[in-house]
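Colleague: You'll find upload34.cif just under this line, and it carries mmCIF, C-alpha atoms and all ligand atoms.
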```cif
data_model
#
loop_
_atom_site.label_atom_id
_atom_site.label_comp_id
_atom_site.auth_asym_id
_atom_site.auth_seq_id
_atom_site.Cartn_x
_atom_site.Cartn_y
_atom_site.Cartn_z
CA MET A 1 -13.87 -27.31 10.04
CA PRO A 2 -14.07 -28.02 13.81
CA ALA A 3 -15.59 -25.30 15.97
CA MET A 4 -13.10 -22.61 16.93
CA THR A 5 -12.44 -22.00 20.64
CA LEU A 6 -11.90 -18.75 22.50
CA ASP A 7 -8.19 -19.61 22.65
CA ASP A 8 -8.15 -20.05 18.86
CA PHE A 9 -9.51 -16.50 18.59
CA ARG A 10 -6.94 -15.22 21.11
CA ALA A 11 -4.23 -16.65 18.84
CA LEU A 12 -5.83 -15.12 15.72
CA ILE A 13 -5.93 -11.69 17.40
CA ALA A 14 -2.29 -11.97 18.49
CA ASP A 15 -0.96 -12.76 15.02
CA LEU A 16 -2.21 -10.25 12.44
CA PRO A 17 -1.12 -9.45 8.88
CA SER A 18 0.01 -5.88 8.21
CA ALA A 19 -0.84 -3.51 5.38
CA ASP A 20 1.09 -3.78 2.11
CA GLY A 21 3.83 -1.20 2.65
CA ALA A 22 4.90 -1.13 -1.00
CA ALA A 23 1.33 -0.46 -2.20
CA MET A 24 1.00 2.32 0.38
CA ALA A 25 4.32 3.89 -0.64
CA GLY A 26 3.27 3.68 -4.32
CA ALA A 27 -0.09 5.28 -3.50
CA LEU A 28 1.58 8.03 -1.47
CA SER A 29 3.89 8.86 -4.37
CA ARG A 30 1.01 8.73 -6.88
CA ASN A 31 -1.06 11.02 -4.63
CA GLY A 32 1.73 13.59 -4.88
CA GLN A 33 1.61 13.54 -8.71
CA LEU A 34 -2.17 13.87 -9.23
CA THR A 35 -3.59 17.00 -10.86
CA LYS A 36 -4.52 18.94 -7.72
CA PRO A 37 -2.71 21.19 -5.27
CA PRO A 38 -1.01 19.03 -2.60
CA GLY A 39 -3.46 18.09 0.17
CA SER A 40 -6.44 19.67 -1.57
CA LEU A 41 -8.56 16.52 -1.39
CA GLY A 42 -8.24 16.65 2.39
CA ARG A 43 -9.06 13.44 4.17
CA LEU A 44 -9.97 11.68 0.91
CA GLU A 45 -6.23 11.43 0.23
CA GLY A 46 -5.52 9.53 3.45
CA VAL A 47 -8.56 7.31 2.86
CA ALA A 48 -7.22 6.30 -0.57
CA ILE A 49 -3.74 5.55 0.79
CA TRP A 50 -5.19 3.50 3.67
CA LEU A 51 -7.33 1.58 1.18
CA ALA A 52 -4.28 1.00 -1.05
CA GLY A 53 -2.41 -0.58 1.86
CA TRP A 54 -5.15 -3.03 2.76
CA GLN A 55 -6.21 -3.86 -0.81
CA GLY A 56 -2.53 -4.28 -1.71
CA SER A 57 -2.89 -2.06 -4.77
CA GLU A 58 -1.46 1.35 -5.65
CA LYS A 59 -4.81 2.02 -7.37
CA PRO A 60 -7.50 0.78 -4.97
CA ARG A 61 -11.18 0.57 -5.91
CA VAL A 62 -14.44 -0.17 -4.10
CA LEU A 63 -16.30 -2.55 -6.41
CA ALA A 64 -17.68 -5.21 -4.06
CA PRO A 65 -18.51 -3.82 -0.61
CA GLN A 66 -20.35 -5.96 1.95
CA VAL A 67 -22.68 -4.83 4.72
CA ALA A 68 -22.83 -7.69 7.25
CA ILE A 69 -25.58 -7.29 9.85
CA PHE A 70 -25.67 -9.37 13.03
CA ALA A 71 -28.61 -9.55 15.44
CA GLY A 72 -28.70 -10.71 19.05
CA ASN A 73 -30.93 -10.48 22.11
CA HIS A 74 -29.89 -9.38 25.59
CA GLY A 75 -30.96 -10.65 29.01
CA VAL A 76 -30.05 -7.28 30.52
CA VAL A 77 -33.27 -5.85 29.01
CA ALA A 78 -34.92 -7.24 32.19
CA GLN A 79 -33.34 -4.25 33.96
CA GLY A 80 -35.51 -1.80 31.99
CA VAL A 81 -32.65 -0.39 29.91
CA SER A 82 -34.30 0.09 26.48
CA ALA A 83 -37.16 2.24 25.20
CA PHE A 84 -38.28 -0.67 22.97
CA PRO A 85 -39.30 -4.29 23.72
CA ALA A 86 -36.95 -7.17 22.89
CA GLU A 87 -39.34 -8.54 20.18
CA VAL A 88 -38.23 -5.64 17.99
CA THR A 89 -34.93 -7.44 17.33
CA VAL A 90 -36.52 -10.39 15.51
CA GLN A 91 -39.06 -8.10 13.84
CA MET A 92 -36.30 -5.89 12.48
CA VAL A 93 -34.44 -8.96 11.19
CA ALA A 94 -37.55 -9.76 9.12
CA ASN A 95 -37.58 -6.14 7.97
CA PHE A 96 -33.91 -6.42 6.88
CA GLN A 97 -34.74 -9.62 5.00
CA HIS A 98 -37.64 -7.93 3.21
CA GLY A 99 -35.63 -4.84 2.27
CA GLY A 100 -37.61 -2.42 4.46
CA ALA A 101 -34.99 -1.04 6.87
CA ALA A 102 -32.90 2.12 6.48
CA VAL A 103 -29.77 0.04 5.99
CA ASN A 104 -31.31 -1.79 3.02
CA GLN A 105 -31.71 1.56 1.24
CA LEU A 106 -28.23 2.75 2.21
CA ALA A 107 -26.61 -0.54 1.16
CA ARG A 108 -28.39 -0.35 -2.19
CA VAL A 109 -27.28 3.25 -2.75
CA ALA A 110 -23.75 2.09 -1.97
CA GLY A 111 -23.97 -0.92 -4.32
CA ALA A 112 -23.18 -3.21 -1.39
CA ALA A 113 -24.11 -6.84 -0.87
CA MET A 114 -25.99 -7.17 2.41
CA THR A 115 -25.94 -10.28 4.59
CA VAL A 116 -28.06 -10.76 7.72
CA THR A 117 -27.08 -13.20 10.47
CA ALA A 118 -29.57 -13.74 13.31
CA LEU A 119 -27.85 -15.21 16.36
CA GLU A 120 -30.12 -17.40 18.49
CA LEU A 121 -32.70 -14.68 18.98
CA ASP A 122 -34.93 -17.01 20.96
CA ARG A 123 -32.09 -17.58 23.44
CA PRO A 124 -31.07 -14.16 24.82
CA THR A 125 -27.74 -13.80 26.60
CA ALA A 126 -27.93 -14.03 30.40
CA ASP A 127 -28.64 -10.81 32.33
CA PHE A 128 -25.07 -9.68 32.95
CA THR A 129 -25.96 -7.95 36.21
CA ALA A 130 -26.34 -11.44 37.71
CA GLY A 131 -23.77 -13.56 35.85
CA ASP A 132 -21.80 -13.79 32.64
CA ALA A 133 -23.78 -12.86 29.52
CA MET A 134 -22.24 -15.78 27.60
CA THR A 135 -20.18 -18.87 28.33
CA ALA A 136 -16.78 -19.21 26.68
CA ASP A 137 -18.30 -21.61 24.12
CA GLU A 138 -21.20 -19.27 23.35
CA THR A 139 -18.76 -16.38 22.89
CA ALA A 140 -16.57 -18.45 20.56
CA ALA A 141 -19.62 -19.56 18.54
CA ALA A 142 -20.72 -15.94 18.09
CA LEU A 143 -17.19 -14.84 17.12
CA GLN A 144 -17.18 -17.66 14.58
CA ALA A 145 -20.56 -16.64 13.15
CA GLY A 146 -18.99 -13.27 12.39
CA TRP A 147 -15.79 -14.85 11.07
CA ASP A 148 -17.83 -17.08 8.72
CA ALA A 149 -20.13 -14.29 7.47
CA VAL A 150 -17.40 -12.29 5.72
CA LEU A 151 -17.36 -12.79 1.95
CA ASP A 152 -13.78 -13.35 0.85
CA SER A 153 -14.67 -11.50 -2.37
CA ALA A 154 -15.50 -8.27 -0.47
CA ASP A 155 -13.20 -5.27 -0.97
CA LEU A 156 -14.68 -3.21 1.89
CA LEU A 157 -16.61 -4.47 4.92
CA VAL A 158 -19.26 -2.77 7.06
CA PRO A 159 -20.18 -4.77 10.17
CA GLY A 160 -23.55 -3.69 11.58
CA GLU A 161 -25.85 -4.77 14.38
CA MET A 162 -29.41 -4.98 15.67
CA GLY A 163 -30.11 -5.85 19.30
CA ILE A 164 -32.52 -4.25 21.72
CA GLY A 165 -30.52 -3.52 24.88
CA ASN A 166 -27.13 -3.57 23.20
CA THR A 167 -26.13 0.01 24.04
CA THR A 168 -26.04 -1.17 27.68
CA SER A 169 -23.70 -4.04 26.74
CA ALA A 170 -21.54 -1.71 24.68
CA ALA A 171 -21.34 0.77 27.59
CA ALA A 172 -20.35 -2.04 29.96
CA ILE A 173 -17.60 -3.22 27.59
CA ALA A 174 -16.25 0.34 27.30
CA HIS A 175 -16.39 0.88 31.07
CA ALA A 176 -14.60 -2.44 31.70
CA LEU A 177 -11.89 -1.72 29.12
CA TYR A 178 -11.32 1.99 29.72
CA GLY A 179 -12.52 2.74 33.27
CA GLY A 180 -14.14 6.07 34.09
CA THR A 181 -17.62 5.95 35.57
CA PRO A 182 -20.66 4.03 34.24
CA GLU A 183 -22.27 7.43 33.57
CA ASP A 184 -19.40 8.27 31.21
CA TRP A 185 -20.45 5.42 28.93
CA VAL A 186 -24.25 5.17 29.04
CA GLY A 187 -26.50 7.11 26.69
CA ARG A 188 -30.11 7.17 25.64
CA GLY A 189 -29.87 4.41 23.02
CA THR A 190 -33.28 4.06 21.37
CA GLY A 191 -34.54 6.90 23.59
CA VAL A 192 -34.77 6.03 27.30
CA ASP A 193 -35.84 8.73 29.75
CA ASP A 194 -33.80 9.90 32.75
CA GLN A 195 -34.93 6.96 34.90
CA GLY A 196 -34.00 4.55 32.12
CA LEU A 197 -30.59 6.18 31.87
CA ALA A 198 -30.09 5.75 35.63
CA ARG A 199 -31.11 2.07 35.33
CA LYS A 200 -28.54 1.64 32.54
CA ALA A 201 -25.77 3.16 34.67
CA SER A 202 -26.73 0.91 37.58
CA ALA A 203 -26.76 -2.21 35.35
CA VAL A 204 -23.35 -1.29 33.90
CA ALA A 205 -21.93 -0.69 37.40
CA ARG A 206 -23.19 -4.04 38.66
CA GLY A 207 -22.14 -5.99 35.56
CA VAL A 208 -18.63 -4.57 35.42
CA GLY A 209 -18.27 -4.72 39.23
CA ARG A 210 -18.85 -8.45 38.97
CA LEU A 211 -16.13 -9.08 36.38
CA GLY A 212 -12.89 -8.89 38.36
CA THR A 213 -9.73 -9.10 36.26
CA ARG A 214 -10.38 -10.39 32.74
CA ASP A 215 -8.74 -10.28 29.36
CA PRO A 216 -10.72 -8.49 26.59
CA LEU A 217 -12.42 -11.68 25.34
CA GLY A 218 -13.35 -12.40 28.96
CA VAL A 219 -14.97 -8.95 29.15
CA LEU A 220 -16.84 -9.73 25.91
CA ALA A 221 -18.18 -12.98 27.41
CA GLY A 222 -19.01 -11.27 30.71
CA VAL A 223 -21.02 -8.25 29.55
CA GLY A 224 -21.14 -8.45 25.73
CA GLY A 225 -23.63 -9.98 23.38
CA ARG A 226 -23.72 -12.35 20.45
CA GLU A 227 -24.01 -9.65 17.77
CA ILE A 228 -21.14 -7.73 19.39
CA ALA A 229 -18.96 -10.85 19.43
CA ALA A 230 -19.96 -11.58 15.82
CA MET A 231 -18.91 -8.08 14.72
CA ALA A 232 -15.56 -8.63 16.46
CA GLY A 233 -15.20 -11.95 14.62
CA ALA A 234 -16.05 -10.28 11.30
CA ILE A 235 -13.55 -7.44 11.85
CA LEU A 236 -10.89 -10.01 12.71
CA ARG A 237 -11.67 -12.15 9.68
CA ALA A 238 -11.52 -9.07 7.46
CA ARG A 239 -8.06 -8.34 8.87
CA HIS A 240 -6.83 -11.85 8.04
CA LEU A 241 -8.23 -11.38 4.50
CA ARG A 242 -6.80 -7.81 4.39
CA ILE A 243 -10.25 -6.37 3.71
CA PRO A 244 -10.57 -2.76 4.93
CA VAL A 245 -13.41 -2.10 7.39
CA LEU A 246 -15.69 0.87 8.07
CA LEU A 247 -16.81 1.07 11.71
CA ASP A 248 -20.39 2.13 12.40
CA GLY A 249 -21.74 3.49 15.70
CA PHE A 250 -21.32 2.97 19.42
CA ILE A 251 -22.04 -0.76 19.48
CA ALA A 252 -19.91 -1.62 16.45
CA CYS A 253 -17.07 0.36 18.02
CA SER A 254 -17.43 -1.54 21.30
CA ALA A 255 -16.82 -4.75 19.34
CA ALA A 256 -13.77 -3.16 17.73
CA ALA A 257 -12.55 -2.00 21.16
CA VAL A 258 -12.37 -5.59 22.38
CA LEU A 259 -9.93 -6.41 19.57
CA GLN A 260 -7.84 -3.28 20.07
CA ALA A 261 -7.58 -3.93 23.81
CA ALA A 262 -6.20 -7.39 22.99
CA ASN A 263 -3.79 -6.13 20.30
CA PRO A 264 -3.11 -2.40 19.81
CA GLN A 265 -2.62 -2.94 16.04
CA ALA A 266 -5.89 -4.84 15.59
CA LEU A 267 -7.83 -1.91 14.10
CA ASP A 268 -5.25 -0.63 11.63
CA HIS A 269 -7.49 -1.89 8.80
CA CYS A 270 -10.50 -0.02 10.24
CA MET A 271 -11.71 3.53 9.73
CA ALA A 272 -14.46 5.21 11.77
CA ALA A 273 -17.30 6.02 9.39
CA HIS A 274 -19.17 8.42 11.65
CA VAL A 275 -19.70 9.65 15.15
CA SER A 276 -23.17 8.75 16.31
CA ALA A 277 -25.43 10.84 18.54
CA GLU A 278 -25.12 8.21 21.28
CA ALA A 279 -23.51 10.26 24.05
CA ALA A 280 -20.38 8.16 24.57
CA HIS A 281 -19.52 7.35 20.96
CA GLY A 282 -17.17 10.33 20.69
CA ARG A 283 -15.39 9.26 23.87
CA LEU A 284 -15.11 5.71 22.56
CA LEU A 285 -13.65 6.93 19.24
CA THR A 286 -11.09 8.96 21.20
CA ALA A 287 -10.13 5.84 23.14
CA LEU A 288 -9.80 3.97 19.83
CA ARG A 289 -7.77 6.89 18.38
CA LYS A 290 -10.13 7.08 15.38
CA GLU A 291 -11.31 10.26 13.67
CA PRO A 292 -14.81 9.82 12.18
CA LEU A 293 -15.47 10.65 8.53
CA LEU A 294 -19.02 11.91 9.12
CA ASN A 295 -20.99 13.62 11.88
CA LEU A 296 -24.65 13.62 10.83
CA GLY A 297 -26.41 13.03 14.14
CA LEU A 298 -27.32 9.44 13.25
CA ARG A 299 -28.03 7.02 16.10
CA LEU A 300 -29.69 4.14 14.32
CA GLY A 301 -27.08 1.40 14.29
CA GLU A 302 -27.71 -1.49 11.85
CA GLY A 303 -24.54 -0.45 10.00
CA SER A 304 -26.32 2.61 8.62
CA GLY A 305 -23.65 5.28 9.16
CA ALA A 306 -20.90 3.07 7.79
CA ALA A 307 -23.03 2.00 4.80
CA LEU A 308 -23.53 5.71 4.08
CA ALA A 309 -19.77 6.28 4.18
CA ILE A 310 -19.05 3.55 1.59
CA ASN A 311 -19.65 6.06 -1.21
CA ILE A 312 -17.18 8.50 0.37
CA VAL A 313 -14.52 5.80 0.48
CA ARG A 314 -15.41 4.79 -3.07
CA ALA A 315 -15.15 8.43 -4.17
CA ALA A 316 -11.73 8.71 -2.51
CA ALA A 317 -10.56 5.59 -4.37
CA GLU A 318 -11.98 6.80 -7.70
CA CYS A 319 -10.22 10.17 -7.41
CA HIS A 320 -6.95 8.54 -6.44
CA SER A 321 -7.07 5.79 -9.06
CA GLY A 322 -8.80 7.63 -11.91
CA MET A 323 -7.17 11.06 -11.87
CA ALA A 324 -4.42 11.98 -14.29
CA THR A 325 -0.96 12.95 -13.06
CA PHE A 326 0.49 16.37 -13.91
CA ALA A 327 2.76 14.69 -16.50
CA GLU A 328 -0.11 12.69 -18.09
CA ALA A 329 -2.39 15.70 -18.39
CA GLY A 330 0.30 18.20 -19.38
CA VAL A 331 -0.64 20.48 -16.50
CA ALA A 332 2.09 22.82 -15.32
CA GLY A 333 3.33 23.01 -11.75
CA GLY A 334 3.51 19.35 -10.72
O1 LIG B 401 -25.03 2.86 16.44
C1 LIG B 401 -25.32 3.58 17.41
O2 LIG B 401 -24.53 4.44 17.85
C2 LIG B 401 -26.66 3.36 18.09
C3 LIG B 401 -27.06 4.24 19.07
C4 LIG B 401 -28.30 4.03 19.65
C5 LIG B 401 -29.09 2.93 19.29
N1 LIG B 401 -28.65 2.07 18.36
C6 LIG B 401 -29.51 0.91 17.97
O3 LIG B 401 -30.58 0.77 18.90
C7 LIG B 401 -30.58 -0.51 19.50
C8 LIG B 401 -30.00 -0.44 20.89
O4 LIG B 401 -30.61 0.57 21.66
P1 LIG B 401 -31.11 0.21 23.14
O5 LIG B 401 -31.75 1.48 23.62
O6 LIG B 401 -32.14 -0.89 22.97
O7 LIG B 401 -29.92 -0.21 23.89
C9 LIG B 401 -29.71 -1.40 18.63
O8 LIG B 401 -30.53 -2.13 17.76
C10 LIG B 401 -28.79 -0.43 17.91
O9 LIG B 401 -28.63 -0.82 16.56
C11 LIG B 401 -27.46 2.28 17.74
C1 LIG B 402 -37.30 0.27 15.14
C2 LIG B 402 -35.82 0.07 15.44
C3 LIG B 402 -34.92 -0.11 14.38
C4 LIG B 402 -33.55 -0.30 14.68
N1 LIG B 402 -32.49 -0.49 13.91
C5 LIG B 402 -31.42 -0.63 14.68
N2 LIG B 402 -31.80 -0.52 15.93
C6 LIG B 402 -33.11 -0.30 15.99
C7 LIG B 402 -34.00 -0.14 17.06
C8 LIG B 402 -35.36 0.05 16.78
C9 LIG B 402 -36.31 0.25 17.92
#
```
Translate this structure into structure tokens?

Modeller:
Amino acid sequence: MPAMTLDDFRALIADLPSADGAAMAGALSRNGQLTKPPGSLGRLEGVAIWLAGWQGSEKPRVLAPQVAIFAGNHGVVAQGVSAFPAEVTVQMVANFQHGGAAVNQLARVAGAAMTVTALELDRPTADFTAGDAMTADETAAALQAGWDAVLDSADLLVPGEMGIGNTTSAAAIAHALYGGTPEDWVGRGTGVDDQGLARKASAVARGVGRLGTRDPLGVLAGVGGREIAAMAGAILRARHLRIPVLLDGFIACSAAAVLQAANPQALDHCMAAHVSAEAAHGRLLTALRKEPLLNLGLRLGEGSGAALAINIVRAAAECHSGMATFAEAGVAGG
């Protein structure tokens, strides 16, 4: 297949499949007949109905989840925006490959297949305070790496990331898309001190100040990163395959935000797995109009919070699809 261009991706974002309305209506009706007081499974009920719509089945299941991790390096680290050195990105990729990271354990607990895609780690993006992080071709190639990484056999997708410096990129994307001040969007990431936080705000201000008027994929090229573009490509591919998606933390949600800014329906197949401890993640979820499933104070990234939530989504599907109805069980009151 020839390489896809940024305009190909613009067209793919503009023209999206919807959920299966008949499967959702069937699931809604089934939910009303299950042996429980109405609404007593709380948010699990909505999770099951959402899953039914995207899996196109009145009885959805989570049997083949995928955790897809993308790694990229960032030129903006030259501005002193991370508590860790850039080499950690490639070192953590090796750790993922050897099974030693937190996400390996969480993916295993969730019974998920895990894929790791390292994106030109020896060629960081340009420092976005001085010029665009990526060219149009580089952005398209990273989107395509994400598009290609999705297993068409997956029934639930978790896109995750690793990239020293990427909370600064994510903050810049959010500031460019939603406005406010740079301070509204920067946080401590891997643990920067107050001076580091001030350097992040300054980098975000300069990067976004440089952008002028851009469409969302132009913002992604200007201040994003390869792993962020790849997560956007993976979320988009999942949509075209009607695979439901669990969104992880601040950086994963910045990738999702690019899609939603381009098409307000683009995240209908996505649920927020958790709200991370990164200061602006809650604000970003509000902008995305997503209510997180979990709030456990995680701020690790690498898909960890969303991998953890796979078992909640699976549990919601098992209750919905495995429970008896009042009529089947001979329970009074249905
Ligand atoms: O997912 C989150 O909300 C999150 C919050 C803080 C840090 N991270 C992870 O930490 C790295 C980015 O932090 P930093 O300080 O280098 O920008 C990157 O590898 C992310 O996976 C992730
Ligand atoms: C050690 C380490 C592991 C990570 N995993 C995701 N981001 C990370 C950042 C660091 C620094």

Colleague: Wanna dump the chain A-ligand LIG 401 (chain B) contacts at 9 Å for me, each residue with its shortest atom pair and the distance in Å to one decimal, counting all atoms listed in the file, ordered by chain and number, as JSON lines?

Modeller:
```
{"residue": "A:Ala71", "atom": "CA", "partner": "B:LIG401", "partner_atom": "O8", "distance": 8.0}
{"residue": "A:Gly72", "atom": "CA", "partner": "B:LIG401", "partner_atom": "O8", "distance": 8.9}
{"residue": "A:Val77", "atom": "CA", "partner": "B:LIG401", "partner_atom": "O6", "distance": 7.9}
{"residue": "A:Val81", "atom": "CA", "partner": "B:LIG401", "partner_atom": "O7", "distance": 6.6}
{"residue": "A:Ser82", "atom": "CA", "partner": "B:LIG401", "partner_atom": "O5", "distance": 4.1}
{"residue": "A:Ala83", "atom": "CA", "partner": "B:LIG401", "partner_atom": "O5", "distance": 5.7}
{"residue": "A:Phe84", "atom": "CA", "partner": "B:LIG401", "partner_atom": "O6", "distance": 6.1}
{"residue": "A:Pro85", "atom": "CA", "partner": "B:LIG401", "partner_atom": "O6", "distance": 8.0}
{"residue": "A:Ala86", "atom": "CA", "partner": "B:LIG401", "partner_atom": "O6", "distance": 7.9}
{"residue": "A:Val88", "atom": "CA", "partner": "B:LIG401", "partner_atom": "O8", "distance": 8.5}
{"residue": "A:Thr89", "atom": "CA", "partner": "B:LIG401", "partner_atom": "O8", "distance": 6.9}
{"residue": "A:Met92", "atom": "CA", "partner": "B:LIG401", "partner_atom": "O8", "distance": 8.7}
{"residue": "A:Gly160", "atom": "CA", "partner": "B:LIG401", "partner_atom": "O9", "distance": 7.7}
{"residue": "A:Glu161", "atom": "CA", "partner": "B:LIG401", "partner_atom": "O9", "distance": 5.3}
{"residue": "A:Met162", "atom": "CA", "partner": "B:LIG401", "partner_atom": "O8", "distance": 3.7}
{"residue": "A:Gly163", "atom": "CA", "partner": "B:LIG401", "partner_atom": "O8", "distance": 4.0}
{"residue": "A:Ile164", "atom": "CA", "partner": "B:LIG401", "partner_atom": "O6", "distance": 3.6}
{"residue": "A:Gly165", "atom": "CA", "partner": "B:LIG401", "partner_atom": "O7", "distance": 3.5}
{"residue": "A:Asn166", "atom": "CA", "partner": "B:LIG401", "partner_atom": "O7", "distance": 4.4}
{"residue": "A:Thr167", "atom": "CA", "partner": "B:LIG401", "partner_atom": "O7", "distance": 3.8}
{"residue": "A:Thr168", "atom": "CA", "partner": "B:LIG401", "partner_atom": "O7", "distance": 5.5}
{"residue": "A:Ser169", "atom": "CA", "partner": "B:LIG401", "partner_atom": "O7", "distance": 7.8}
{"residue": "A:Ala170", "atom": "CA", "partner": "B:LIG401", "partner_atom": "O7", "distance": 8.5}
{"residue": "A:Gly187", "atom": "CA", "partner": "B:LIG401", "partner_atom": "C4", "distance": 7.9}
{"residue": "A:Arg188", "atom": "CA", "partner": "B:LIG401", "partner_atom": "O5", "distance": 6.3}
{"residue": "A:Gly189", "atom": "CA", "partner": "B:LIG401", "partner_atom": "O5", "distance": 3.5}
{"residue": "A:Thr190", "atom": "CA", "partner": "B:LIG401", "partner_atom": "O5", "distance": 3.7}
{"residue": "A:Gly191", "atom": "CA", "partner": "B:LIG401", "partner_atom": "O5", "distance": 6.1}
{"residue": "A:Val192", "atom": "CA", "partner": "B:LIG401", "partner_atom": "O5", "distance": 6.6}
{"residue": "A:Lys200", "atom": "CA", "partner": "B:LIG401", "partner_atom": "O7", "distance": 9.0}
{"residue": "A:Asp248", "atom": "CA", "partner": "B:LIG401", "partner_atom": "O1", "distance": 6.2}
{"residue": "A:Gly249", "atom": "CA", "partner": "B:LIG401", "partner_atom": "O1", "distance": 3.4}
{"residue": "A:Phe250", "atom": "CA", "partner": "B:LIG401", "partner_atom": "O2", "distance": 3.9}
{"residue": "A:Ile251", "atom": "CA", "partner": "B:LIG401", "partner_atom": "O1", "distance": 5.6}
{"residue": "A:Ala252", "atom": "CA", "partner": "B:LIG401", "partner_atom": "O1", "distance": 6.8}
{"residue": "A:Cys253", "atom": "CA", "partner": "B:LIG401", "partner_atom": "O1", "distance": 8.5}
{"residue": "A:Val275", "atom": "CA", "partner": "B:LIG401", "partner_atom": "O2", "distance": 7.6}
{"residue": "A:Ser276", "atom": "CA", "partner": "B:LIG401", "partner_atom": "O2", "distance": 4.8}
{"residue": "A:Ala277", "atom": "CA", "partner": "B:LIG401", "partner_atom": "O2", "distance": 6.5}
{"residue": "A:Glu278", "atom": "CA", "partner": "B:LIG401", "partner_atom": "C3", "distance": 4.9}
{"residue": "A:Ala279", "atom": "CA", "partner": "B:LIG401", "partner_atom": "O2", "distance": 8.6}
{"residue": "A:Ala280", "atom": "CA", "partner": "B:LIG401", "partner_atom": "O2", "distance": 8.7}
{"residue": "A:His281", "atom": "CA", "partner": "B:LIG401", "partner_atom": "O2", "distance": 6.6}
{"residue": "A:Leu298", "atom": "CA", "partner": "B:LIG401", "partner_atom": "O2", "distance": 7.3}
{"residue": "A:Arg299", "atom": "CA", "partner": "B:LIG401", "partner_atom": "C3", "distance": 4.2}
{"residue": "A:Leu300", "atom": "CA", "partner": "B:LIG401", "partner_atom": "C11", "distance": 4.5}
{"residue": "A:Gly301", "atom": "CA", "partner": "B:LIG401", "partner_atom": "O1", "distance": 3.3}
{"residue": "A:Glu302", "atom": "CA", "partner": "B:LIG401", "partner_atom": "O9", "distance": 4.8}
{"residue": "A:Gly303", "atom": "CA", "partner": "B:LIG401", "partner_atom": "O1", "distance": 7.3}
{"residue": "A:Ser304", "atom": "CA", "partner": "B:LIG401", "partner_atom": "O1", "distance": 7.9}
{"residue": "A:Gly305", "atom": "CA", "partner": "B:LIG401", "partner_atom": "O1", "distance": 7.8}
```

Colleague: Could you check how far atom CA of A:Ala176 sits from atom CA of A:Gly212, in Å to one decimal?

Modeller: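 Computed distance, atom CA of A:Ala176 to atom CA of A:Gly212, equals 9.4 Å.
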
Colleague: Once 3 Å is added on each side, what are the centre and the three edge lengths, in Å to one decimal, of the axis-aligned box enclosing the listed atoms of ligand LIG 402 (chain B)? Present them as JSON.

Modeller:
```
{"center_x": -34.4, "center_y": -0.2, "center_z": 15.9, "size_x": 11.9, "size_y": 6.9, "size_z": 10.0}
```

Colleague: Restricting the calculation to all atoms listed in the file: of A:Ala324, A:Ala113, A:Ile69, A:Met231, which residue gets closest to ligand LIG 402 (chain B)?

Modeller: A:Ile69

Colleague: For each of A:Leu16, A:Ala11, A:Ala203, A:Leu293, take the minimum atom-to-atom distance to A:Pro264, counting all atoms listed in the file, then give the residue where this is smallest.

Modeller: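 Using all atoms listed in the file, the shortest distance to A:Pro264 belongs to A:Leu16.
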
Colleague: Calculated over all atoms listed in the file, which of the candidates A:Val103, A:Ala78, A:Ala133, A:Gly39 has the smallest distance to ligand LIG 402 (chain B)?

Modeller: A:Val103

Colleague: With distances taken over all atoms listed in the file, which residue among A:Leu294, A:Thr325, A:Ile228, A:Ala261 lies nearest A:Arg214?

Modeller: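 Going through A:Leu294, A:Thr325, A:Ile228, A:Ala261 one by one, the smallest distance to A:Arg214 is for A:Ala261.
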
Colleague: Which residues of stretch 85-184 of chain A sit at most 12 Å from stretch 235-242 of chain A, using all atoms listed in the file? Give each one's shortest atom pair and distance in Å (one decimal place), in chain and ascending residue order, as CSV.

Modeller:
```
residue,atom,partner,partner_atom,distance
A:Leu143,CA,A:Leu236,CA,9.1
A:Gln144,CA,A:Arg237,CA,9.2
A:Ala145,CA,A:Arg237,CA,10.5
A:Gly146,CA,A:Arg237,CA,7.9
A:Trp147,CA,A:Arg237,CA,5.1
A:Asp148,CA,A:Arg237,CA,7.9
A:Ala149,CA,A:Arg237,CA,9.0
A:Val150,CA,A:Ala238,CA,6.9
A:Leu151,CA,A:Ala238,CA,8.8
A:Asp152,CA,A:Leu241,CA,6.9
A:Ser153,CA,A:Leu241,CA,9.4
A:Ala154,CA,A:Ala238,CA,8.9
A:Asp155,CA,A:Arg242,CA,8.7
A:Leu156,CA,A:Ala238,CA,8.7
A:Leu157,CA,A:Ala238,CA,7.3
A:Val158,CA,A:Ile235,CA,8.8
A:Pro159,CA,A:Ile235,CA,7.3
A:Gly160,CA,A:Ile235,CA,10.7
```

Colleague: Near stretch 326-332 of chain A, counting all atoms listed in the file, which residues have an atom at most 12 Å away, once you skip same-chain residues fewer than 4 positions from it, shown as a PyMOL selection string?

Modeller: chain A and resi 30-38+322

Colleague: Pick from A:Ala94, A:Ile243, A:Met24, A:Ala52: nearest to ligand LIG 402 (chain B), with all atoms listed in the file counted?

Modeller: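 Under the stated criterion, the closest residue is A:Ala94.
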
Colleague: Any idea what the distance is between atom CA of A:Ala266 and atom CA of A:Leu296?

Modeller: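 Those two atoms sit 26.7 Å apart.
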
Colleague: Could you tell me, as a PyMOL selection string, which residues have any atom at most 12 Å from (-19.9, 0.7, 34.0), counting all atoms listed in the file?

Modeller: chain A and resi 128-129+167-187+198-211+219+223

Colleague: Within 9 Å of A:Ser321, counting all atoms listed in the file, which residues show up once you throw out same-chain ones fewer than 6 positions away? Write them as an MDAnalysis selection string, please.

Modeller: chainID A and resid 27 30 48 58:61

Colleague: Quote the spacing between atom CA of A:Ser254 and atom CA of A:Ala307 in Å to one decimal place.

Modeller: 17.8 Å

Colleague: Taking all atoms listed in the file into account, name the residue in A:Ile49, A:Val76, A:Leu284, A:Ala101 that is nearest to ligand LIG 402 (chain B).

Modeller: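 When distances to ligand LIG 402 (chain B) are compared using all atoms listed in the file, the smallest one comes from A:Ala101.
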